[in-house]
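Everything below belongs to my_file.cif, which stores mmCIF, C-alpha atoms.
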data_my_file
#
loop_
_atom_site.group_PDB
_atom_site.id
_atom_site.type_symbol
_atom_site.label_atom_id
_atom_site.label_comp_id
_atom_site.auth_asym_id
_atom_site.auth_seq_id
_atom_site.Cartn_x
_atom_site.Cartn_y
_atom_site.Cartn_z
ATOM 1 C CA MET A 1 -31.213 -52.911 -20.467
ATOM 2 C CA GLY A 2 -34.602 -51.981 -19.081
ATOM 3 C CA ASP A 3 -35.308 -55.441 -17.713
ATOM 4 C CA THR A 4 -33.779 -54.964 -14.216
ATOM 5 C CA ASP A 5 -35.519 -53.697 -11.091
ATOM 6 C CA ARG A 6 -32.401 -51.907 -9.858
ATOM 7 C CA ASP A 7 -32.528 -48.101 -9.522
ATOM 8 C CA ASP A 8 -29.017 -46.688 -10.049
ATOM 9 C CA SER A 9 -30.121 -43.147 -9.116
ATOM 10 C CA VAL A 10 -30.461 -44.037 -5.426
ATOM 11 C CA ILE A 11 -27.267 -43.440 -3.440
ATOM 12 C CA PRO A 12 -26.916 -45.580 -0.321
ATOM 13 C CA LEU A 13 -26.840 -43.599 2.914
ATOM 14 C CA PRO A 14 -24.212 -44.293 5.554
ATOM 15 C CA GLY A 15 -25.246 -46.367 8.521
ATOM 16 C CA PRO A 16 -25.873 -44.890 11.957
ATOM 17 C CA GLY A 17 -23.060 -44.117 14.380
ATOM 18 C CA PRO A 18 -19.895 -42.031 14.214
ATOM 19 C CA ASP A 19 -18.218 -44.351 11.700
ATOM 20 C CA GLY A 20 -21.192 -44.315 9.396
ATOM 21 C CA SER A 21 -21.422 -40.543 9.064
ATOM 22 C CA ARG A 22 -17.848 -39.593 10.016
ATOM 23 C CA GLN A 23 -19.235 -37.093 12.522
ATOM 24 C CA PRO A 24 -18.376 -37.135 16.226
ATOM 25 C CA PRO A 25 -21.223 -37.593 18.688
ATOM 26 C CA VAL A 26 -23.106 -34.475 19.748
ATOM 27 C CA GLY A 27 -21.368 -32.634 22.592
ATOM 28 C CA THR A 28 -17.883 -33.890 21.683
ATOM 29 C CA THR A 29 -15.273 -31.140 21.985
ATOM 30 C CA GLN A 30 -13.904 -30.256 18.571
ATOM 31 C CA PRO A 31 -10.107 -29.928 18.225
ATOM 32 C CA TRP A 32 -10.376 -26.309 17.065
ATOM 33 C CA GLU A 33 -12.579 -25.078 19.938
ATOM 34 C CA ALA A 34 -9.749 -24.332 22.396
ATOM 35 C CA ALA A 35 -7.852 -22.370 19.730
ATOM 36 C CA ASP A 36 -11.024 -20.480 18.753
ATOM 37 C CA ARG A 37 -11.765 -19.566 22.359
ATOM 38 C CA ALA A 38 -8.187 -18.357 22.903
ATOM 39 C CA GLN A 39 -8.339 -16.319 19.694
ATOM 40 C CA ALA A 40 -11.720 -14.897 20.712
ATOM 41 C CA ALA A 41 -10.218 -13.721 24.005
ATOM 42 C CA ASN A 42 -7.253 -12.153 22.157
ATOM 43 C CA ASP A 43 -9.655 -10.409 19.796
ATOM 44 C CA GLY A 44 -11.693 -8.954 22.625
ATOM 45 C CA ALA A 45 -14.519 -11.505 22.698
ATOM 46 C CA ALA A 46 -14.430 -11.848 26.458
ATOM 47 C CA GLY A 47 -17.605 -9.982 27.321
ATOM 48 C CA PRO A 48 -19.942 -10.995 30.127
ATOM 49 C CA GLU A 49 -22.255 -13.855 29.197
ATOM 50 C CA PRO A 50 -26.039 -13.431 29.313
ATOM 51 C CA PRO A 51 -28.023 -13.007 31.541
ATOM 52 C CA ASN A 52 -25.414 -10.606 32.944
ATOM 53 C CA PRO A 53 -25.840 -7.085 31.581
ATOM 54 C CA PRO A 54 -23.515 -5.982 28.723
ATOM 55 C CA ILE A 55 -21.428 -3.759 30.975
ATOM 56 C CA CYS A 56 -17.648 -3.435 30.664
ATOM 57 C CA PRO A 57 -15.995 -4.815 33.821
ATOM 58 C CA GLN A 58 -13.117 -2.293 33.537
ATOM 59 C CA CYS A 59 -15.014 0.998 33.137
ATOM 60 C CA GLY A 60 -18.682 0.241 33.846
ATOM 61 C CA LEU A 61 -19.992 1.571 30.490
ATOM 62 C CA THR A 62 -22.833 -0.202 28.700
ATOM 63 C CA CYS A 63 -21.793 -1.760 25.395
ATOM 64 C CA ASP A 64 -23.359 -3.558 22.450
ATOM 65 C CA ARG A 65 -22.938 -7.286 23.227
ATOM 66 C CA ARG A 66 -22.856 -9.674 20.268
ATOM 67 C CA ALA A 67 -22.488 -13.443 20.201
ATOM 68 C CA THR A 68 -19.632 -14.811 18.081
ATOM 69 C CA TYR A 69 -19.583 -17.964 15.979
ATOM 70 C CA THR A 70 -17.531 -19.654 18.709
ATOM 71 C CA GLY A 71 -20.188 -19.038 21.357
ATOM 72 C CA GLN A 72 -18.265 -16.243 23.079
ATOM 73 C CA HIS A 73 -19.575 -12.697 23.449
ATOM 74 C CA VAL A 74 -17.829 -9.526 22.375
ATOM 75 C CA LEU A 75 -18.598 -6.078 23.713
ATOM 76 C CA LEU A 76 -18.630 -3.701 20.749
ATOM 77 C CA GLU A 77 -18.409 0.051 20.975
ATOM 78 C CA PRO A 78 -22.040 1.181 20.604
ATOM 79 C CA ARG A 79 -23.157 3.367 17.702
ATOM 80 C CA LEU A 80 -19.720 3.440 16.063
ATOM 81 C CA THR A 81 -18.953 2.124 12.584
ATOM 82 C CA LEU A 82 -15.551 2.963 11.097
ATOM 83 C CA PRO A 83 -13.773 2.548 7.768
ATOM 84 C CA ALA A 84 -12.040 -0.818 8.204
ATOM 85 C CA HIS A 85 -8.670 0.382 6.911
ATOM 86 C CA LEU A 86 -8.403 2.753 9.914
ATOM 87 C CA VAL A 87 -8.785 -0.040 12.484
ATOM 88 C CA PRO A 88 -5.796 -2.202 13.500
ATOM 89 C CA GLY A 89 -5.855 -5.764 12.167
ATOM 90 C CA GLY A 90 -7.413 -8.204 14.610
ATOM 91 C CA HIS A 91 -9.835 -5.579 15.926
ATOM 92 C CA ARG A 92 -12.154 -5.317 12.900
ATOM 93 C CA TRP A 93 -15.514 -6.794 13.900
ATOM 94 C CA HIS A 94 -18.373 -7.394 11.476
ATOM 95 C CA THR A 95 -21.911 -8.614 12.072
ATOM 96 C CA ASP A 96 -23.899 -10.947 9.865
ATOM 97 C CA GLY A 97 -27.613 -10.795 9.108
ATOM 98 C CA ASN A 98 -28.421 -12.740 12.282
ATOM 99 C CA GLY A 99 -26.452 -10.314 14.467
ATOM 100 C CA ALA A 100 -23.526 -12.691 15.127
ATOM 101 C CA ALA A 101 -20.143 -10.983 15.242
ATOM 102 C CA TRP A 102 -16.974 -12.192 13.576
ATOM 103 C CA ASN A 103 -13.468 -10.801 13.542
ATOM 104 C CA GLY A 104 -11.931 -9.814 10.214
ATOM 105 C CA GLY A 105 -8.486 -10.924 11.355
ATOM 106 C CA LEU A 106 -5.261 -9.507 9.981
ATOM 107 C CA ASP A 107 -6.251 -9.626 6.307
ATOM 108 C CA GLU A 108 -6.384 -6.312 4.468
ATOM 109 C CA PRO A 109 -10.028 -5.196 4.276
ATOM 110 C CA PRO A 110 -11.596 -4.670 0.851
ATOM 111 C CA PRO A 111 -11.897 -1.060 -0.348
ATOM 112 C CA GLY A 112 -14.844 0.738 1.220
ATOM 113 C CA ALA A 113 -15.365 -1.878 3.952
ATOM 114 C CA THR A 114 -16.594 -0.741 7.351
ATOM 115 C CA CYS A 115 -16.367 -2.452 10.709
ATOM 116 C CA ARG A 116 -17.062 -2.103 14.394
ATOM 117 C CA ILE A 117 -14.432 -2.027 17.101
ATOM 118 C CA PRO A 118 -14.415 -3.933 20.363
ATOM 119 C CA HIS A 119 -15.126 -1.730 23.358
ATOM 120 C CA GLN A 120 -11.787 -2.753 24.898
ATOM 121 C CA LEU A 121 -10.010 -0.749 22.173
ATOM 122 C CA ALA A 122 -11.745 2.439 23.373
ATOM 123 C CA CYS A 123 -12.145 1.516 27.031
ATOM 124 C CA PRO A 124 -10.907 4.234 29.399
ATOM 125 C CA GLY A 125 -10.211 1.539 31.996
ATOM 126 C CA LEU A 126 -7.464 -0.151 29.930
ATOM 127 C CA THR A 127 -4.095 1.054 28.667
ATOM 128 C CA LEU A 128 -2.793 0.387 25.155
ATOM 129 C CA ASP A 129 -0.156 -1.874 26.713
ATOM 130 C CA GLU A 130 -2.965 -4.039 28.114
ATOM 131 C CA ILE A 131 -4.925 -4.051 24.859
ATOM 132 C CA ARG A 132 -1.950 -4.529 22.514
ATOM 133 C CA PRO A 133 -3.843 -3.407 19.384
ATOM 134 C CA TRP A 134 -0.777 -3.767 17.175
ATOM 135 C CA ARG A 135 0.259 -7.333 18.054
ATOM 136 C CA TRP A 136 1.317 -7.858 14.449
ATOM 137 C CA LEU A 137 3.697 -4.894 14.694
ATOM 138 C CA THR A 138 5.220 -6.347 17.864
ATOM 139 C CA ALA A 139 5.823 -9.614 15.985
ATOM 140 C CA VAL A 140 7.485 -7.734 13.098
ATOM 141 C CA ARG A 141 9.686 -5.788 15.518
ATOM 142 C CA GLU A 142 10.752 -9.001 17.281
ATOM 143 C CA TYR A 143 11.579 -10.611 13.923
ATOM 144 C CA ASN A 144 13.609 -7.573 12.853
ATOM 145 C CA THR A 145 15.459 -7.654 16.172
ATOM 146 C CA VAL A 146 16.538 -11.225 15.442
ATOM 147 C CA LEU A 147 17.607 -10.266 11.889
ATOM 148 C CA ALA A 148 19.602 -7.279 13.150
ATOM 149 C CA GLN A 149 21.329 -9.435 15.764
ATOM 150 C CA GLN A 150 22.179 -12.072 13.149
ATOM 151 C CA LYS A 151 23.607 -9.389 10.853
ATOM 152 C CA ALA A 152 25.683 -7.888 13.671
ATOM 153 C CA ASP A 153 26.969 -11.342 14.635
ATOM 154 C CA ALA A 154 27.921 -12.119 11.019
ATOM 155 C CA GLU A 155 29.780 -8.794 10.644
ATOM 156 C CA ALA A 156 31.638 -9.329 13.915
ATOM 157 C CA PHE A 157 32.611 -12.839 12.802
ATOM 158 C CA HIS A 158 34.085 -11.566 9.507
ATOM 159 C CA GLU A 159 36.067 -8.844 11.288
ATOM 160 C CA THR A 160 37.803 -11.352 13.577
ATOM 161 C CA LEU A 161 39.134 -13.562 10.766
ATOM 162 C CA PRO A 162 42.791 -12.981 9.911
ATOM 163 C CA ASP A 163 43.737 -11.933 6.420
ATOM 164 C CA VAL A 164 45.443 -15.033 5.014
ATOM 165 C CA GLY A 165 45.253 -14.183 1.378
#

The structure in this file should be written as structure tokens.
Amino acid sequence: MGDTDRDDSVIPLPGPGPDGSRQPPVGTTQPWEAADRAQAANDGAAGPEPPNPPICPQCGLTCDRRATYTGQHVLLEPRLTLPAHLVPGGHRWHTDGNGAAWNGGLDEPPPGATCRIPHQLACPGLTLDEIRPWRWLTAVREYNTVLAQQKADAEAFHETLPDVG
């Protein structure tokens, strides 16, 4: 029992290289990066990159620029924190302890939660049609349009059948 020199508490480490650690080499593009960048742009994280000043290109107002976890920058409306349930889904921005911003997405915020809004939502240089703050509502309306058309088609089909019974 105690007469071996083997230490079973030591776990062997993987060898060097991508196969040994199952990690891609540094600088390799991750498969999710393109989707994250597209989502960041949809969420308003398309602010000017440093060293450019944090000025909105549409209206010229100075904003609060924050880096996101995806490396993009979002221009937030300065000095404005709102109850999260009043802000459309997809436009609820939060900041962590390091100052990085992240979007709360479409999930219902917890009771009492607050958030910041992207400047583009309040920008006088953009219209609501350009911002599309209620993208989820547009998707619901499109889905309901399809359902209504299917229902109308089904009713029209039943009306054209002869009574054979």

- Task: Report the residues retrieved by the PyMOL selection byres ((chain A and resi 90-103) around 8) from the displayed file, expressed as a PyMOL selection string.
- Result: chain A and resi 43-44+66-69+74+84+87-89+104-106+115-118+121+133

- Do you have the CA of Glu77 (chain A)-CA of Pro57 (chain A) distance handy? 13.9 Å

- Query: In file coordinates, which residues lie within 7 Å of (-19.4, -7.7, 24.6) using all atoms listed in the file, given as a count of residues only?
  - Reply: 13

Please, what is the axis-aligned box for every listed atom of region 53-64 of chain A with 6 Å on each side, as centre and edge lengths in Å to one decimal, as JSON?
{"center_x": -19.5, "center_y": -2.8, "center_z": 28.1, "size_x": 24.7, "size_y": 20.7, "size_z": 23.4}

- For CA of Thr114 (chain A) and CA of Leu86 (chain A), determine how far apart the two atoms are, in Å to one decimal place.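 Calculated distance between CA of Thr114 (chain A) and CA of Leu86 (chain A) is 9.3 Å.
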
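Taking CA of Asn42 (chain A) and CA of Gln120 (chain A) as endpoints, the distance between them is 10.8 Å.
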
- Ground truth for the PyMOL selection byres ((chain A and resi 124) around 12), written as a PyMOL selection string: chain A and resi 56-61+119-123+125-128+130-131

- Nearest to Gly112 (chain A) among A:His85, A:Tyr143, A:Pro50, A:Thr62, with distances taken over all atoms listed in the file: which residue is it?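 Looking at the shortest contact to Gly112 (chain A), the residue is A:His85.
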